[in-house]
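Visitor: Quick one: the structure is below, questions incoming.
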Amino acid sequence: MNINDPLWVKVVKQVRAWARLNSIWAIHFNSGSCNGCDIEILATLTPRYDVERFGIKLEGSPRHADVLIVTGPVTRQARERLLRTYEQMPEPKFVISVGSCSISGGVFQGCYNVGGAVDEVVPVDVFIPGCPPRPEAIVDGIIQLITHLKEGNLPPSQMKKLTEKVTA
Amino acid sequence: MNTKQNLEKAEWLLTSWNKETAYPESNRLDVLVTADDLRSAVSTLHEAQWGYLSAITGLDLGVDAGQLEALYHFCNGPAITTLKVHLPRVGEASLPTIEDIIPSATFFERELSETVGFQITGAKSMDRLFIPDDWPEGVYPMRTDFKIEQAKPVEGRYVDEIPEEGVVRGNTFVVPIGPQHPALKEPGHFEFTVDGEVVTAARMRLGYAHRGIEKAAESRNWIQNLYLFERVCGICSHTHTMAYTLGVEKLAQVEVPARAQTIRELVAGLERIHSHLLWLGVTAHEAGFDTLFMYSWRDRETVMNLLEQVTGNRVNYSANVLGGVKCDIGLEQTKAIKDGLNFLETRIRHYLEVVTTDVMFLNRTRNVGTITREEAERFGLLGPTARASGLVRDIRVEAPYGAYTRFPVSAVTATNGDLEARCVVRLNELLVSCFTLRTIVDNLPEGPLTVKMPRKVPAGETISRVEAPRGELLYYIKSGGGENPLRIHVRTPSLCNWVSVLEKAVGRQLADVPMLIAGMDPCFSCNDRVVTVKHSNDQKTWSWKQLREYGIEYYKR
């Protein structure tokens, strides 16, 4: 069979989408958080909440990861490293920002070493508010991303870019 | 010797350099010395073994006063002697280094020079501490006239780079670890120079989680600060607010009701259980023992449930308010706490058996990173890391605060000082906590939960010390009589314990390093500093390519 056969291409695409959605590997980056969100993310991986039943695994290397989970306001020192971690991830990649301070700076707003929200540095697909969000909320955020993508939609961060283009 | 005699002894020791003496509180002695006499005064206290250097606080007394102040806090049980040094604000405020007398002072001195702008003379290395690399020279965030506009990033000053080429010095190679690394759950950057598999030098750069909380506290009022300091660290959030509220209540001369004090101790005890179980899991994970990791985190959910049932929150509990606590313990909670503790106690006994008998785990912990009692004292270690070496450093025992006078705890120590001893000490502490918590819920004193606090706190300064799960936590609080504090300085236990990793990594296999880091239970969000401890001689630099070719050649032979 010719690998450029349209049917074959379609099948490969479907298999790839199915595999991706069923085995999301996540990488965790702490960009200056207080640990509160980080321990809740770890709690979602451990037996009580067990996010592994959705095929989600915490991965150490950005080069193997599909999802970047960012916690904390972006400090000046961590900013470059956050960008670098994001750039090292292969496409398609998604970003989940966990916790109030990663969304707006939270309680650390106005501190001299805090740059601000995560989505000022990298495009964010899912925001999970809370200080810190409960593990159930984190699981829900991940599931929302999966269902959104399963419906064949574009990643939320790219949708935002499109609307910006249209309005501009 | 009681506290008063202890302070009198300190005053007598410092007679020759003493310019002015004050007793601001019953357990505190302030001695003014000149910058030239500082080294002699410090070495006198050190040689007489009068306590240990707990923290150095730097203050800017304001543009009008035109002076900077450095406070060297020495603690000996409940007694605190503070050496005060005044220096002019303009020009070079030079302080002599004391790192050769007390090695742990190097962390404090760097903080002093970076944030307040003291020039430390004679120090070995003055790299960037915890403020970012692109921070402009000569701008100090803790000065009173600091404006955020002054801190514009400086182009080309970004020195936080991973050696892309790989750095080889002589026959050694530098392995960069972090800030994003599978072995680290939090951001920190380490460079371990290795000769084969053996570590020959260790360097670290922190500051990825530095947010500038101490400065932010100056622009927030006393009540807002309670919630800000709760978020210094998400793991020991209750102890941070406890130190803060104890200090502010002392300044406002407010007596907290006994029931509130006891509930504070109760939440602190539950927090210690959650923190130590968390630590056990992370350490087991670093050792490759993921089964223990999953088990201990499963059981940790029991205590998280209890915390949620008592305070309403899982992580940042907000149990403390100024003047008391927010939550009460009813019959339902009492029963839940007792059931939970019974379950946890059997589990903790099981883990105690696992960490002392499992051969695989013992291979990673027994005789690894051994710290003797003398070393622990010299490094200035705190908390369980010090207690595992037989050094009793526990504020709950040395200087009981709040309800710890009513419901005392016993200090748990071990003598071996290796990672196994640290596991055993932490787990035994949990058994002590379980016992104390049961006594507390059975004998909870009756009474109100809060008393009225004034909105403005009277002028004054105080030091408040509490025992966090990781060791002694020190808050220096200064009020000018207004709605906002003048200065709050936080010294967290992890800062003092880093020495144990950097000193002990040298000479060990690289594979032991994650265990050593985990062994002190580091809390990166609490502290942010940099230190270079040991350097091998720079001989030549190799690129990755050269190294690869060398490797191929080496194995051909």
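For the structure tokens, the naming scheme is as follows: chains receive sequential letters (A, B, ...) according to their order of presentation, residues are indexed from 1 within each chain, and ligands are indexed from 1 in presentation order.
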Could you give me, as a list in words, the residues within 9 Å of Tyr227 of chain B, counting only C-alpha atoms and dropping anything in the same chain fewer than 2 positions from it?

Guide: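 Using only C-alpha atoms, the neighbours found are Val107 of chain A; Ile223, Gln224, Asn225, Phe229, Glu230, Arg231, Thr241, Asn316 and Ser318 of chain B.
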
Visitor: Quick check: residues of chain A within 7 Å of chain B, only C-alpha atoms, returned as a ChimeraX atom specification.

Guide: /A:29-36,46-48,60,75-78,107,111-114,132

Visitor: Write out, as a PDB file, in the first residue's frame, the residues just selected, with N, CA and C atoms.

Guide:
ATOM      1  N   PHE A  29       6.456  22.070  35.859  1.00  0.00           N
ATOM      2  CA  PHE A  29       7.447  23.139  36.039  1.00  0.00           C
ATOM      3  C   PHE A  29       6.962  24.093  37.117  1.00  0.00           C
ATOM      4  N   ASN A  30       7.830  24.327  38.096  1.00  0.00           N
ATOM      5  CA  ASN A  30       7.510  25.247  39.181  1.00  0.00           C
ATOM      6  C   ASN A  30       8.198  26.571  38.875  1.00  0.00           C
ATOM      7  N   SER A  31       7.420  27.587  38.560  1.00  0.00           N
ATOM      8  CA  SER A  31       8.033  28.847  38.154  1.00  0.00           C
ATOM      9  C   SER A  31       8.039  29.854  39.301  1.00  0.00           C
ATOM     10  N   GLY A  32       8.082  29.364  40.541  1.00  0.00           N
ATOM     11  CA  GLY A  32       8.143  30.269  41.681  1.00  0.00           C
ATOM     12  C   GLY A  32       6.957  30.118  42.601  1.00  0.00           C
ATOM     13  N   SER A  33       6.379  28.925  42.613  1.00  0.00           N
ATOM     14  CA  SER A  33       5.186  28.710  43.420  1.00  0.00           C
ATOM     15  C   SER A  33       5.568  28.416  44.868  1.00  0.00           C
ATOM     16  N   CYS A  34       4.553  28.403  45.743  1.00  0.00           N
ATOM     17  CA  CYS A  34       4.821  28.213  47.164  1.00  0.00           C
ATOM     18  C   CYS A  34       4.829  26.741  47.539  1.00  0.00           C
ATOM     19  N   ASN A  35       4.763  25.807  46.584  1.00  0.00           N
ATOM     20  CA  ASN A  35       4.711  24.367  46.849  1.00  0.00           C
ATOM     21  C   ASN A  35       3.310  23.856  47.049  1.00  0.00           C
ATOM     22  N   GLY A  36       2.378  24.724  47.361  1.00  0.00           N
ATOM     23  CA  GLY A  36       1.022  24.280  47.647  1.00  0.00           C
ATOM     24  C   GLY A  36       0.444  23.543  46.453  1.00  0.00           C
ATOM     25  N   THR A  46      -1.085  10.185  43.007  1.00  0.00           N
ATOM     26  CA  THR A  46      -0.966   9.093  43.969  1.00  0.00           C
ATOM     27  C   THR A  46      -2.330   8.427  44.193  1.00  0.00           C
ATOM     28  N   PRO A  47      -2.360   7.284  44.878  1.00  0.00           N
ATOM     29  CA  PRO A  47      -3.520   6.383  44.808  1.00  0.00           C
ATOM     30  C   PRO A  47      -4.899   6.999  45.021  1.00  0.00           C
ATOM     31  N   ARG A  48      -5.056   7.981  45.910  1.00  0.00           N
ATOM     32  CA  ARG A  48      -6.410   8.487  46.166  1.00  0.00           C
ATOM     33  C   ARG A  48      -7.058   9.029  44.892  1.00  0.00           C
ATOM     34  N   GLY A  60       9.848  13.256  33.295  1.00  0.00           N
ATOM     35  CA  GLY A  60      10.910  14.166  33.707  1.00  0.00           C
ATOM     36  C   GLY A  60      11.447  15.046  32.607  1.00  0.00           C
ATOM     37  N   THR A  75       8.641  34.108  38.157  1.00  0.00           N
ATOM     38  CA  THR A  75       9.659  35.011  38.699  1.00  0.00           C
ATOM     39  C   THR A  75      10.657  35.349  37.600  1.00  0.00           C
ATOM     40  N   ARG A  76      11.401  36.422  37.815  1.00  0.00           N
ATOM     41  CA  ARG A  76      12.331  36.885  36.784  1.00  0.00           C
ATOM     42  C   ARG A  76      13.380  35.841  36.472  1.00  0.00           C
ATOM     43  N   GLN A  77      13.826  35.126  37.501  1.00  0.00           N
ATOM     44  CA  GLN A  77      14.879  34.138  37.294  1.00  0.00           C
ATOM     45  C   GLN A  77      14.344  32.898  36.579  1.00  0.00           C
ATOM     46  N   ALA A  78      13.074  32.548  36.814  1.00  0.00           N
ATOM     47  CA  ALA A  78      12.530  31.307  36.250  1.00  0.00           C
ATOM     48  C   ALA A  78      11.982  31.509  34.845  1.00  0.00           C
ATOM     49  N   VAL A 107      -1.552  36.429  45.201  1.00  0.00           N
ATOM     50  CA  VAL A 107      -1.170  37.165  46.402  1.00  0.00           C
ATOM     51  C   VAL A 107       0.189  37.846  46.195  1.00  0.00           C
ATOM     52  N   CYS A 111       4.974  42.178  43.618  1.00  0.00           N
ATOM     53  CA  CYS A 111       6.270  41.899  44.209  1.00  0.00           C
ATOM     54  C   CYS A 111       7.358  42.201  43.177  1.00  0.00           C
ATOM     55  N   TYR A 112       8.520  42.660  43.669  1.00  0.00           N
ATOM     56  CA  TYR A 112       9.524  43.154  42.720  1.00  0.00           C
ATOM     57  C   TYR A 112      10.116  42.069  41.846  1.00  0.00           C
ATOM     58  N   ASN A 113      10.026  40.824  42.259  1.00  0.00           N
ATOM     59  CA  ASN A 113      10.674  39.767  41.487  1.00  0.00           C
ATOM     60  C   ASN A 113       9.684  38.930  40.691  1.00  0.00           C
ATOM     61  N   VAL A 114       8.419  39.324  40.693  1.00  0.00           N
ATOM     62  CA  VAL A 114       7.399  38.521  40.037  1.00  0.00           C
ATOM     63  C   VAL A 114       7.013  39.189  38.732  1.00  0.00           C
ATOM     64  N   PRO A 132      -4.420  26.377  46.997  1.00  0.00           N
ATOM     65  CA  PRO A 132      -4.242  25.736  45.695  1.00  0.00           C
ATOM     66  C   PRO A 132      -5.524  25.049  45.262  1.00  0.00           C
TER      67      PRO A 132
END
